[in-house]
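A.B. asks: Next comes final-v7.txt, compact mmCIF, C-alpha atoms and all ligand atoms:
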```txt
# COMPACT_ATOMS: atom_id res chain seq x y z
CA MET A 16 84.96 110.14 132.97
CA GLN A 17 85.04 106.32 132.75
CA GLU A 18 87.15 105.79 135.85
CA ILE A 19 89.48 107.81 138.08
CA ARG A 20 93.06 106.58 137.83
CA VAL A 21 95.00 107.47 140.97
CA GLY A 22 98.75 107.87 141.48
CA ILE A 23 99.80 108.02 145.14
CA VAL A 24 103.16 109.45 146.29
CA GLY A 25 104.46 108.22 149.65
CA ALA A 26 104.17 104.55 150.61
CA ALA A 27 104.49 104.59 154.40
CA PHE A 28 102.02 105.56 157.18
CA MET A 29 99.64 107.83 155.27
CA GLY A 30 100.25 105.87 152.08
CA ARG A 31 98.70 102.88 153.87
CA ALA A 32 95.79 104.83 155.36
CA HIS A 33 94.87 106.27 151.95
CA SER A 34 95.41 102.94 150.14
CA ASN A 35 93.00 101.27 152.54
CA ALA A 36 90.47 104.00 151.69
CA TYR A 37 90.80 103.49 147.92
CA LEU A 38 90.27 99.75 148.39
CA ASP A 39 87.08 100.23 150.41
CA VAL A 40 85.53 103.40 149.06
CA GLY A 41 83.64 101.89 146.10
CA SER A 42 81.72 99.56 148.42
CA TYR A 43 80.27 102.43 150.48
CA PHE A 44 80.09 105.53 148.23
CA GLN A 45 78.01 106.00 145.09
CA LEU A 46 80.84 106.83 142.68
CA ASP A 47 79.87 107.86 139.14
CA ALA A 48 83.42 106.98 138.08
CA PRO A 49 85.01 103.97 139.81
CA VAL A 50 88.52 104.31 141.22
CA ARG A 51 91.53 102.53 139.72
CA MET A 52 94.65 102.22 141.91
CA GLN A 53 97.01 102.90 139.02
CA ALA A 54 100.44 103.63 140.54
CA VAL A 55 102.31 104.02 143.82
CA CYS A 56 105.49 106.09 143.96
CA ASP A 57 108.16 106.30 146.66
CA THR A 58 111.87 107.09 146.50
CA ASP A 59 112.19 103.99 148.67
CA ALA A 60 111.56 101.35 146.00
CA ASP A 61 111.05 98.57 148.58
CA ALA A 62 108.34 100.57 150.36
CA ALA A 63 106.57 101.22 147.06
CA ASP A 64 106.79 97.55 146.10
CA ARG A 65 105.43 96.49 149.48
CA LEU A 66 102.47 98.86 149.30
CA SER A 67 101.74 97.76 145.76
CA ARG A 68 101.63 94.10 146.82
CA GLN A 69 99.66 94.73 150.03
CA TYR A 70 96.95 96.93 148.55
CA GLY A 71 97.00 96.06 144.84
CA TRP A 72 98.48 99.18 143.22
CA LEU A 73 98.94 98.28 139.55
CA SER A 74 102.39 99.80 138.97
CA VAL A 75 105.35 101.24 140.84
CA GLU A 76 107.41 104.40 140.31
CA THR A 77 110.33 105.92 142.20
CA SER A 78 110.14 109.39 140.60
CA TRP A 79 107.16 111.63 141.31
CA GLU A 80 108.26 113.86 138.39
CA LYS A 81 107.64 110.88 136.08
CA LEU A 82 104.42 109.88 137.84
CA VAL A 83 102.69 113.26 137.50
CA LYS A 84 103.38 113.33 133.75
CA ARG A 85 101.90 109.90 133.02
CA ASP A 86 98.94 109.96 130.61
CA ASP A 87 97.21 107.12 132.45
CA ILE A 88 96.86 109.09 135.73
CA ASP A 89 93.95 111.47 136.48
CA MET A 90 94.62 112.32 140.12
CA ILE A 91 97.65 112.59 142.42
CA ASP A 92 97.48 111.81 146.15
CA ILE A 93 100.39 113.31 148.13
CA CYS A 94 101.38 111.35 151.27
CA THR A 95 105.03 112.38 151.56
CA SER A 96 107.00 114.52 154.01
CA ASN A 97 105.92 118.17 154.13
CA LYS A 98 108.81 119.69 152.13
CA THR A 99 107.81 117.73 149.01
CA HIS A 100 104.11 118.71 148.99
CA MET A 101 104.43 122.02 147.11
CA PRO A 102 106.59 120.90 144.17
CA ILE A 103 104.59 117.70 143.65
CA ALA A 104 101.22 119.49 143.84
CA VAL A 105 102.25 122.35 141.54
CA GLU A 106 103.69 120.04 138.86
CA ALA A 107 100.72 117.67 139.14
CA ALA A 108 98.25 120.53 138.68
CA ARG A 109 100.25 121.88 135.71
CA ALA A 110 100.03 118.40 134.18
CA GLY A 111 96.23 118.61 134.55
CA LYS A 112 95.90 116.20 137.46
CA HIS A 113 93.46 116.66 140.35
CA VAL A 114 95.35 116.81 143.66
CA ILE A 115 94.64 115.71 147.22
CA CYS A 116 97.46 116.56 149.63
CA GLU A 117 98.12 115.55 153.22
CA LYS A 118 98.25 118.18 155.95
CA PRO A 119 99.94 120.47 156.75
CA LEU A 120 99.43 121.62 153.16
CA CYS A 121 103.11 122.61 152.90
CA MET A 122 105.96 124.44 154.64
CA ASN A 123 104.58 128.00 154.78
CA ALA A 124 101.90 130.32 153.41
CA ASP A 125 103.99 131.38 150.39
CA GLU A 126 104.14 127.77 149.24
CA ALA A 127 100.42 127.34 149.93
CA LYS A 128 99.65 130.31 147.67
CA GLN A 129 101.69 128.74 144.87
CA MET A 130 99.75 125.50 145.25
CA LEU A 131 96.38 127.25 145.28
CA ASN A 132 97.28 129.37 142.24
CA ALA A 133 98.54 126.35 140.27
CA ALA A 134 95.35 124.38 141.01
CA ARG A 135 93.10 127.32 140.11
CA GLU A 136 94.99 128.09 136.89
CA ALA A 137 94.80 124.45 135.80
CA ASP A 138 91.13 124.27 136.88
CA VAL A 139 91.68 120.97 138.69
CA ARG A 140 89.93 119.83 141.91
CA HIS A 141 92.06 120.17 145.04
CA MET A 142 91.75 119.07 148.64
CA THR A 143 93.78 119.43 151.84
CA ALA A 144 93.40 116.14 153.67
CA PHE A 145 92.06 117.39 157.00
CA ASN A 146 90.43 114.04 157.74
CA TYR A 147 89.03 115.08 161.14
CA ARG A 148 86.52 117.32 159.33
CA ARG A 149 84.94 114.05 158.27
CA VAL A 150 84.44 112.51 161.70
CA PRO A 151 80.62 112.20 161.98
CA ALA A 152 80.64 113.61 165.55
CA ILE A 153 82.56 116.70 164.39
CA LEU A 154 80.06 117.19 161.55
CA LEU A 155 77.20 116.84 164.04
CA ALA A 156 78.90 119.50 166.20
CA LYS A 157 79.00 121.75 163.13
CA GLN A 158 75.27 121.18 162.52
CA LEU A 159 74.41 121.99 166.13
CA ILE A 160 76.53 125.17 166.01
CA ASP A 161 74.99 126.26 162.68
CA ASP A 162 71.50 125.59 164.12
CA GLY A 163 72.28 127.96 167.03
CA LYS A 164 72.07 125.19 169.62
CA ILE A 165 75.05 126.48 171.58
CA GLY A 166 74.46 130.13 170.73
CA GLN A 167 77.29 132.64 170.68
CA ILE A 168 80.63 130.86 171.00
CA PHE A 169 82.85 132.18 173.82
CA HIS A 170 85.62 129.56 173.90
CA PHE A 171 87.25 126.99 171.59
CA ASN A 172 89.84 124.98 173.52
CA ALA A 173 91.83 122.28 171.74
CA VAL A 174 94.46 119.95 173.12
CA TYR A 175 96.35 117.50 170.95
CA TYR A 176 98.63 115.24 172.98
CA GLN A 177 101.07 112.51 171.90
CA ASP A 178 104.04 111.07 173.81
CA TRP A 179 106.24 109.28 171.27
CA LEU A 180 109.16 111.72 171.72
CA VAL A 181 109.39 111.50 175.51
CA ASP A 182 111.92 108.73 174.94
CA PRO A 183 115.22 110.63 174.36
CA ASN A 184 116.45 107.62 172.37
CA PHE A 185 113.73 107.95 169.77
CA PRO A 186 115.84 108.51 166.61
CA PHE A 187 116.11 111.61 164.44
CA THR A 188 113.66 111.60 161.47
CA TRP A 189 112.45 114.13 158.89
CA ARG A 190 109.91 115.25 161.48
CA HIS A 191 112.76 116.75 163.60
CA ASP A 192 114.25 118.79 160.76
CA VAL A 193 112.75 122.22 160.08
CA LYS A 194 113.92 122.01 156.45
CA GLU A 195 111.88 118.81 155.88
CA GLY A 196 108.89 119.32 158.17
CA GLY A 197 108.53 123.11 158.50
CA SER A 198 107.78 122.71 162.21
CA GLY A 199 107.32 119.88 164.71
CA ALA A 200 104.30 119.05 166.86
CA HIS A 201 102.87 122.39 165.77
CA GLY A 202 102.50 121.81 162.00
CA ASP A 203 101.66 118.18 162.54
CA MET A 204 99.00 118.49 165.24
CA ASN A 205 97.92 122.13 165.49
CA ALA A 206 97.28 121.94 161.72
CA HIS A 207 94.32 119.67 162.52
CA THR A 208 92.93 121.76 165.39
CA VAL A 209 93.42 125.07 163.58
CA ASP A 210 91.44 123.69 160.66
CA LEU A 211 88.72 122.40 162.99
CA ALA A 212 88.57 125.81 164.69
CA ARG A 213 88.11 127.57 161.34
CA PHE A 214 85.48 124.97 160.39
CA LEU A 215 83.52 125.21 163.65
CA VAL A 216 84.09 128.76 164.94
CA GLY A 217 85.37 130.92 162.06
CA GLU A 218 88.43 132.92 161.06
CA PHE A 219 91.26 133.81 163.42
CA HIS A 220 92.00 137.42 164.28
CA SER A 221 95.33 137.19 166.16
CA ILE A 222 97.46 134.81 168.20
CA THR A 223 100.31 134.59 170.68
CA ALA A 224 102.43 131.48 171.15
CA ALA A 225 105.17 129.74 173.16
CA GLN A 226 107.19 126.76 171.99
CA GLU A 227 109.87 124.46 173.39
CA THR A 228 112.24 121.75 172.19
CA PHE A 229 112.89 119.51 175.18
CA VAL A 230 115.36 117.08 173.59
CA LYS A 231 117.85 119.16 171.60
CA GLU A 232 119.58 116.38 169.62
CA ARG A 233 118.68 112.86 168.60
CA ASN A 234 120.57 109.77 167.43
CA LYS A 235 121.13 109.02 163.79
CA PRO A 236 122.15 105.66 162.31
CA GLY A 237 125.92 105.10 162.56
CA GLY A 238 126.24 106.57 166.06
CA THR A 239 126.09 110.26 165.10
CA LYS A 240 123.62 112.81 166.47
CA ASP A 241 121.65 115.57 164.75
CA LYS A 242 120.26 118.81 166.15
CA VAL A 243 116.46 118.94 166.50
CA THR A 244 115.41 122.15 164.73
CA VAL A 245 111.64 122.00 165.35
CA ASP A 246 109.37 122.41 168.37
CA ASP A 247 108.49 119.42 170.55
CA ALA A 248 105.49 121.40 171.80
CA LEU A 249 103.79 124.62 170.78
CA TYR A 250 100.95 126.21 172.74
CA PHE A 251 99.06 129.27 171.58
CA MET A 252 96.20 131.52 172.57
CA ALA A 253 93.92 133.04 169.94
CA ARG A 254 91.29 135.66 169.34
CA PHE A 255 88.71 134.86 166.66
CA LYS A 256 87.12 137.51 164.45
CA ASN A 257 83.71 136.81 166.04
CA GLY A 258 85.06 137.65 169.51
CA ALA A 259 85.62 134.10 170.78
CA LEU A 260 88.81 133.19 172.64
CA GLY A 261 90.79 130.06 171.77
CA ASN A 262 93.45 127.94 173.39
CA PHE A 263 95.57 125.40 171.45
CA MET A 264 98.06 122.92 172.90
CA ALA A 265 100.11 120.52 170.76
CA THR A 266 102.82 118.37 172.31
CA ARG A 267 104.64 115.12 171.65
CA PHE A 268 105.67 115.03 175.32
CA ALA A 269 102.29 114.31 176.96
CA THR A 270 103.46 111.18 178.75
CA GLY A 271 100.83 108.45 178.50
CA ARG A 272 98.77 110.12 175.79
CA LYS A 273 99.02 108.45 172.37
CA ASN A 274 96.77 110.44 170.04
CA PHE A 275 94.58 112.43 172.41
CA LEU A 276 92.68 115.18 170.60
CA ARG A 277 90.03 116.91 172.69
CA LEU A 278 87.90 119.92 171.78
CA GLU A 279 85.75 121.94 174.18
CA ILE A 280 83.42 124.60 172.80
CA PHE A 281 81.50 126.77 175.25
CA GLY A 282 78.60 128.97 174.08
CA SER A 283 75.81 131.14 175.42
CA ASN A 284 73.14 128.40 175.00
CA GLY A 285 75.22 125.28 175.46
CA SER A 286 78.53 123.47 175.08
CA LEU A 287 80.09 120.69 173.03
CA VAL A 288 82.95 118.34 173.87
CA PHE A 289 84.67 115.92 171.48
CA ASN A 290 87.46 113.46 172.20
CA LEU A 291 89.06 111.53 169.32
CA GLU A 292 89.56 108.52 171.61
CA ARG A 293 85.72 108.37 171.83
CA LEU A 294 85.28 109.14 168.12
CA ASN A 295 81.67 107.95 167.90
CA GLU A 296 80.49 110.23 170.70
CA LEU A 297 79.69 113.92 171.10
CA GLN A 298 78.98 115.50 174.47
CA TYR A 299 76.34 118.22 174.46
CA PHE A 300 75.09 120.47 177.25
CA SER A 301 72.02 122.62 176.66
CA ARG A 302 70.92 125.51 178.87
CA MET A 303 67.48 125.01 177.28
CA ASP A 304 67.01 121.70 179.13
CA ALA A 305 64.80 121.79 182.22
CA SER A 306 66.99 122.88 185.12
CA LEU A 307 66.55 119.70 187.17
CA SER A 308 67.76 117.45 184.35
CA GLN A 309 70.46 119.73 182.99
CA GLY A 310 73.84 118.12 182.43
CA PHE A 311 76.17 116.94 179.69
CA ARG A 312 74.57 114.21 177.60
CA THR A 313 76.58 111.82 175.42
CA ILE A 314 75.19 111.45 171.93
CA MET A 315 76.19 108.21 170.20
CA VAL A 316 76.79 109.48 166.68
CA THR A 317 75.91 106.24 164.90
CA GLU A 318 72.33 106.83 163.69
CA GLY A 319 71.54 106.57 159.99
CA ASN A 320 70.65 110.29 159.89
CA HIS A 321 74.00 111.35 161.36
CA PRO A 322 76.62 112.60 158.85
CA PHE A 323 78.13 109.77 156.73
CA LEU A 324 76.46 107.07 158.89
CA ASN A 325 73.96 105.99 156.24
CA LYS A 326 76.95 104.42 154.45
CA TRP A 327 77.88 102.19 157.38
CA TRP A 328 76.30 99.91 159.94
CA PRO A 329 73.11 99.82 162.08
CA PRO A 330 72.96 102.24 165.05
CA GLY A 331 75.51 101.50 167.78
CA HIS A 332 77.85 99.62 165.42
CA ILE A 333 80.75 102.00 165.74
CA ILE A 334 83.25 103.19 163.14
CA GLY A 335 86.95 104.05 163.57
CA TRP A 336 89.85 106.32 162.60
CA GLU A 337 90.36 104.73 159.19
CA HIS A 338 86.79 105.59 158.17
CA THR A 339 87.67 109.30 158.21
CA PHE A 340 90.03 108.65 155.30
CA ILE A 341 87.38 106.67 153.42
CA HIS A 342 85.04 109.66 153.88
CA GLU A 343 87.58 112.18 152.60
CA ILE A 344 88.69 110.03 149.64
CA GLY A 345 85.04 109.26 148.82
CA ASP A 346 84.16 112.94 148.78
CA PHE A 347 87.22 113.86 146.72
CA LEU A 348 86.54 111.16 144.12
CA GLN A 349 82.98 112.47 143.83
CA ALA A 350 84.35 115.99 143.36
CA VAL A 351 86.71 114.79 140.63
CA ALA A 352 83.76 113.10 138.89
CA GLY A 353 81.80 116.38 139.11
CA GLN A 354 79.21 114.97 141.55
CA ILE A 355 79.85 117.42 144.42
CA GLU A 356 81.90 120.47 145.50
CA VAL A 357 84.44 119.66 148.16
CA LYS A 358 86.16 121.30 151.13
CA ALA A 359 88.70 121.58 152.76
CA ASP A 360 90.51 122.72 149.64
CA PHE A 361 93.90 124.38 149.10
CA TYR A 362 92.37 127.72 150.16
CA ASP A 363 91.60 126.18 153.56
CA GLY A 364 95.11 124.74 153.62
CA LEU A 365 96.48 128.24 152.97
CA ARG A 366 94.35 129.84 155.70
CA CYS A 367 95.50 127.18 158.16
CA GLN A 368 99.10 127.72 157.12
CA GLN A 369 98.82 131.46 157.77
CA VAL A 370 97.79 130.72 161.36
CA LEU A 371 100.59 128.16 161.78
CA ASP A 372 103.19 130.61 160.39
CA ALA A 373 101.95 133.39 162.67
CA ALA A 374 102.27 131.11 165.73
CA VAL A 375 105.91 130.33 164.91
CA THR A 376 106.67 134.04 164.41
CA SER A 377 104.89 134.86 167.65
CA ALA A 378 106.83 132.23 169.60
CA VAL A 379 110.12 133.62 168.30
CA GLU A 380 109.27 137.34 168.63
CA GLN A 381 107.21 136.85 171.82
CA LYS A 382 104.33 139.09 170.78
CA TRP A 383 100.76 138.95 169.44
CA ILE A 384 100.55 138.53 165.64
CA ASP A 385 97.54 139.45 163.46
CA ILE A 386 96.41 136.86 160.92
CA PRO A 387 96.31 138.16 157.32
CA ASN A 388 92.84 138.65 155.85
CA ALA A 389 93.18 136.21 152.94
N1 LIG B 1 95.90 113.11 158.38
C1 LIG B 1 96.58 112.61 159.39
O1 LIG B 1 96.04 112.29 160.44
C2 LIG B 1 98.07 112.42 159.23
C3 LIG B 1 98.76 111.52 160.07
C4 LIG B 1 100.13 111.34 159.87
C5 LIG B 1 100.79 112.04 158.89
N2 LIG B 1 100.10 112.94 158.11
C6 LIG B 1 100.81 113.71 157.06
O2 LIG B 1 101.06 112.83 155.96
C7 LIG B 1 102.33 113.14 155.36
C8 LIG B 1 103.20 111.87 155.37
O3 LIG B 1 103.37 111.48 156.71
P1 LIG B 1 103.75 109.95 157.06
O4 LIG B 1 103.54 109.82 158.52
O5 LIG B 1 103.06 109.00 156.14
O6 LIG B 1 105.32 109.98 156.75
P2 LIG B 1 106.28 108.76 156.58
O7 LIG B 1 107.65 109.23 156.91
O8 LIG B 1 105.74 107.56 157.29
O9 LIG B 1 106.19 108.43 155.00
C9 LIG B 1 106.61 109.33 154.02
C10 LIG B 1 106.97 108.52 152.78
O10 LIG B 1 107.24 109.45 151.72
C11 LIG B 1 108.38 109.00 150.99
N3 LIG B 1 108.99 110.13 150.32
C12 LIG B 1 109.64 111.18 150.89
N4 LIG B 1 110.05 112.04 149.91
C13 LIG B 1 109.64 111.51 148.73
C14 LIG B 1 109.77 111.94 147.36
N5 LIG B 1 110.42 113.07 147.04
N6 LIG B 1 109.23 111.17 146.40
C15 LIG B 1 108.59 110.02 146.73
N7 LIG B 1 108.45 109.56 147.99
C16 LIG B 1 108.97 110.31 148.98
C17 LIG B 1 109.28 108.38 152.06
O11 LIG B 1 110.25 107.51 151.49
C18 LIG B 1 108.27 107.68 152.96
O12 LIG B 1 108.04 106.36 152.53
C19 LIG B 1 102.91 114.30 156.17
O13 LIG B 1 102.62 115.49 155.52
C20 LIG B 1 102.17 114.22 157.50
O14 LIG B 1 102.06 115.47 158.15
C21 LIG B 1 98.78 113.10 158.25
```
Please express the file's structure as structure tokens.
Ligand SMILES: NC(=O)c1ccc[n+]([C@@H]2O[C@H](COP(=O)([O-])OP(=O)(O)OC[C@H]3O[C@@H](n4cnc5c(N)ncnc54)[C@H](O)[C@@H]3O)[C@@H](O)[C@H]2O)c1
C.D. replies:
Amino acid sequence: MQEIRVGIVGAAFMGRAHSNAYLDVGSYFQLDAPVRMQAVCDTDADAADRLSRQYGWLSVETSWEKLVKRDDIDMIDICTSNKTHMPIAVEAARAGKHVICEKPLCMNADEAKQMLNAAREADVRHMTAFNYRRVPAILLAKQLIDDGKIGQIFHFNAVYYQDWLVDPNFPFTWRHDVKEGGSGAHGDMNAHTVDLARFLVGEFHSITAAQETFVKERNKPGGTKDKVTVDDALYFMARFKNGALGNFMATRFATGRKNFLRLEIFGSNGSLVFNLERLNELQYFSRMDASLSQGFRTIMVTEGNHPFLNKWWPPGHIIGWEHTFIHEIGDFLQAVAGQIEVKADFYDGLRCQQVLDAAVTSAVEQKWIDIPNA
């Protein structure tokens, strides 16, 4: 492969985050095939034009159906609203394109299975864009867990707090419509923490959930209102197959919290704490430390031998949120070039979706739900 020609669909928030990654990735990753930012597509032609000018995409489309069939595209990057993920990914895979897709992978597990099957049948590389798997501190946590440093895991507690919907005048968007988003805070935020739980602890056994929509309708342009058909917050409790207990809280009504994602993992030998607002740090407690000096220590995850850090700056020169996208795009481009195998793939997206679906069912039926085996 001479170069990897990318077509991106969706030219807004995630379109920008991924575009920034394509611009930077070649300077920090050893890519056997360099990336070419071939086309940006958005039904909003102005947004596509803007992104093309800002980041240097070489052409503009307004139809993803046309984009995925182009001969000069090798890989499709899906950064659109959740309802569109499945059809774009399936058609892209059938056209022989490699596919990276934003989270949540799609609307429900049935759709996720269709995406996984299409990618496997076409034998293309596929990735679910769970960028927090590529935070160096999270990868260090994984290493410490795999090395037995915290022993048997008893608890995985995850909170994901935002507050942008506390304002009742915040307008109605696709994120408030179950037909466009699948769910609200749950699919958006619990998707990340469910994936991190699977990555760090293992598979889920069963869950029970409660959800609430605090503001029932929101303003639309022209003075009308629309009914909010998704959760504003969904909390759930989980049992993992290995016996650990989990607690997950996702809300867009955590007044004062902007993007507060905190994990606490308690084990028989030690504990780990991660907070996205302190992305370069991992807190570690070890019961193996001498008793007088026992206590949580803060590891600055910026050393050259920490995950991904050999690509960046000298120790102590911190990285940020946007680097997680450079890491995921860098890994996916290497997978497309045949340099490495890559996770999280559409199978991981499906497994996450099964947990998300079960939580919604549980919240409605008010009972524990078992997670399917595969
Ligand atoms: N990884 C993360 O941390 C993270 C953060 C935010 C959003 N996301 C995910 O990224 C995806 C996009 O979210 P966003 O915040 O960028 O949304 P957004 O509303 O800001 O942008 C979506 C863009 O997609 C375009 N679009 C919608 N339907 C389309 C279609 N059929 N064809 C072409 N373009 C279409 C819209 O016009 C819009 O420009 C969602 O799945 C979301 O859950 C991930």
A.B. asks: Go through A:Thr58, A:Thr239, A:Ser283, A:Ser74 and flag the residue nearest A:Thr99, using all atoms listed in the file for the distances.
C.D. replies: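 The shortest atom-to-atom distance to A:Thr99 comes from A:Thr58.
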A.B. asks: Give me, as a tab-separated table, each residue of chain A that comes within 9 Å of ligand LIG 1 (chain B), together with its shortest interatomic pair and the distance in Å at one decimal, counting all atoms listed in the file, with rows ordered by chain and rising residue number.
C.D. replies:
```
residue	atom	partner	partner_atom	distance
A:Val24	CA	B:LIG1	C15	5.5
A:Gly25	CA	B:LIG1	O10	3.7
A:Ala26	CA	B:LIG1	O12	4.7
A:Ala27	CA	B:LIG1	O9	4.2
A:Phe28	CA	B:LIG1	O5	3.7
A:Met29	CA	B:LIG1	O5	3.7
A:Gly30	CA	B:LIG1	O5	5.8
A:Arg31	CA	B:LIG1	O5	7.8
A:Ala32	CA	B:LIG1	O5	8.4
A:Cys56	CA	B:LIG1	C15	5.7
A:Asp57	CA	B:LIG1	N7	3.5
A:Thr58	CA	B:LIG1	C15	4.4
A:Asp59	CA	B:LIG1	O11	4.9
A:Ala60	CA	B:LIG1	O11	8.4
A:Ala62	CA	B:LIG1	O12	6.2
A:Ala63	CA	B:LIG1	O12	7.6
A:Glu76	CA	B:LIG1	C15	8.6
A:Thr77	CA	B:LIG1	C15	6.4
A:Ser78	CA	B:LIG1	N6	6.1
A:Trp79	CA	B:LIG1	N6	5.5
A:Glu80	CA	B:LIG1	N6	8.5
A:Ile93	CA	B:LIG1	C7	7.5
A:Cys94	CA	B:LIG1	C8	4.5
A:Thr95	CA	B:LIG1	O10	3.7
A:Ser96	CA	B:LIG1	C19	4.6
A:Asn97	CA	B:LIG1	O13	4.5
A:Lys98	CA	B:LIG1	N4	8.1
A:Thr99	CA	B:LIG1	N5	5.7
A:His100	CA	B:LIG1	O13	7.4
A:Ile103	CA	B:LIG1	N5	8.2
A:Cys116	CA	B:LIG1	O13	7.9
A:Glu117	CA	B:LIG1	O2	4.9
A:Lys118	CA	B:LIG1	O13	5.1
A:Pro119	CA	B:LIG1	O14	5.6
A:Leu120	CA	B:LIG1	O13	7.3
A:Cys121	CA	B:LIG1	O13	7.6
A:Ala144	CA	B:LIG1	N1	6.1
A:Phe145	CA	B:LIG1	N1	5.9
A:Asn146	CA	B:LIG1	N1	5.6
A:Tyr147	CA	B:LIG1	O1	7.6
A:Thr188	CA	B:LIG1	O7	7.9
A:Trp189	CA	B:LIG1	O7	7.1
A:Arg190	CA	B:LIG1	O7	7.9
A:Gly196	CA	B:LIG1	O13	7.8
A:Gly202	CA	B:LIG1	O14	7.4
A:Asp203	CA	B:LIG1	O14	5.2
A:Met204	CA	B:LIG1	O14	8.3
A:Ala206	CA	B:LIG1	O14	8.8
A:His207	CA	B:LIG1	O1	7.9
A:Trp336	CA	B:LIG1	O1	8.9
A:Phe340	CA	B:LIG1	N1	8.0
```
A.B. asks: Fewer than 2 positions away in the same chain doesn't count, so skip those; otherwise give me all residues within 10 Å of A:Ile341, counting only C-alpha atoms, as a PyMOL selection string.
C.D. replies: chain A and resi 32-41+43-44+146+149+336-339+343-347
A.B. asks: Hey, what's within 9 Å of A:Ala225 if we count all atoms listed in the file and toss same-chain stuff fewer than 4 positions away? As a PDB file with C-alpha atoms, in the frame of the given file, please?
C.D. replies:
```pdb
ATOM      1  CA  ALA A 248     105.490 121.400 171.800  1.00  0.00           C
ATOM      2  CA  LEU A 249     103.790 124.620 170.780  1.00  0.00           C
ATOM      3  CA  TYR A 250     100.950 126.210 172.740  1.00  0.00           C
ATOM      4  CA  PHE A 251      99.060 129.270 171.580  1.00  0.00           C
ATOM      5  CA  ALA A 374     102.270 131.110 165.730  1.00  0.00           C
ATOM      6  CA  VAL A 375     105.910 130.330 164.910  1.00  0.00           C
ATOM      7  CA  SER A 377     104.890 134.860 167.650  1.00  0.00           C
ATOM      8  CA  ALA A 378     106.830 132.230 169.600  1.00  0.00           C
ATOM      9  CA  VAL A 379     110.120 133.620 168.300  1.00  0.00           C
ATOM     10  CA  GLN A 381     107.210 136.850 171.820  1.00  0.00           C
TER      11      GLN A 381
END
```
A.B. asks: Skip A:Val55 itself and residues of its chain fewer than 6 positions away, then list as a VMD selection string all residues within 6 Å of it, counting only C-alpha atoms.
C.D. replies: chain A and resid 22 to 23 75
A.B. asks: Give me, please, the distance in Å between atom CA of A:Ala269 and atom CA of A:Ala200, quoted to one decimal.
C.D. replies: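 Separation between atom CA of A:Ala269 and atom CA of A:Ala200: 11.3 Å.
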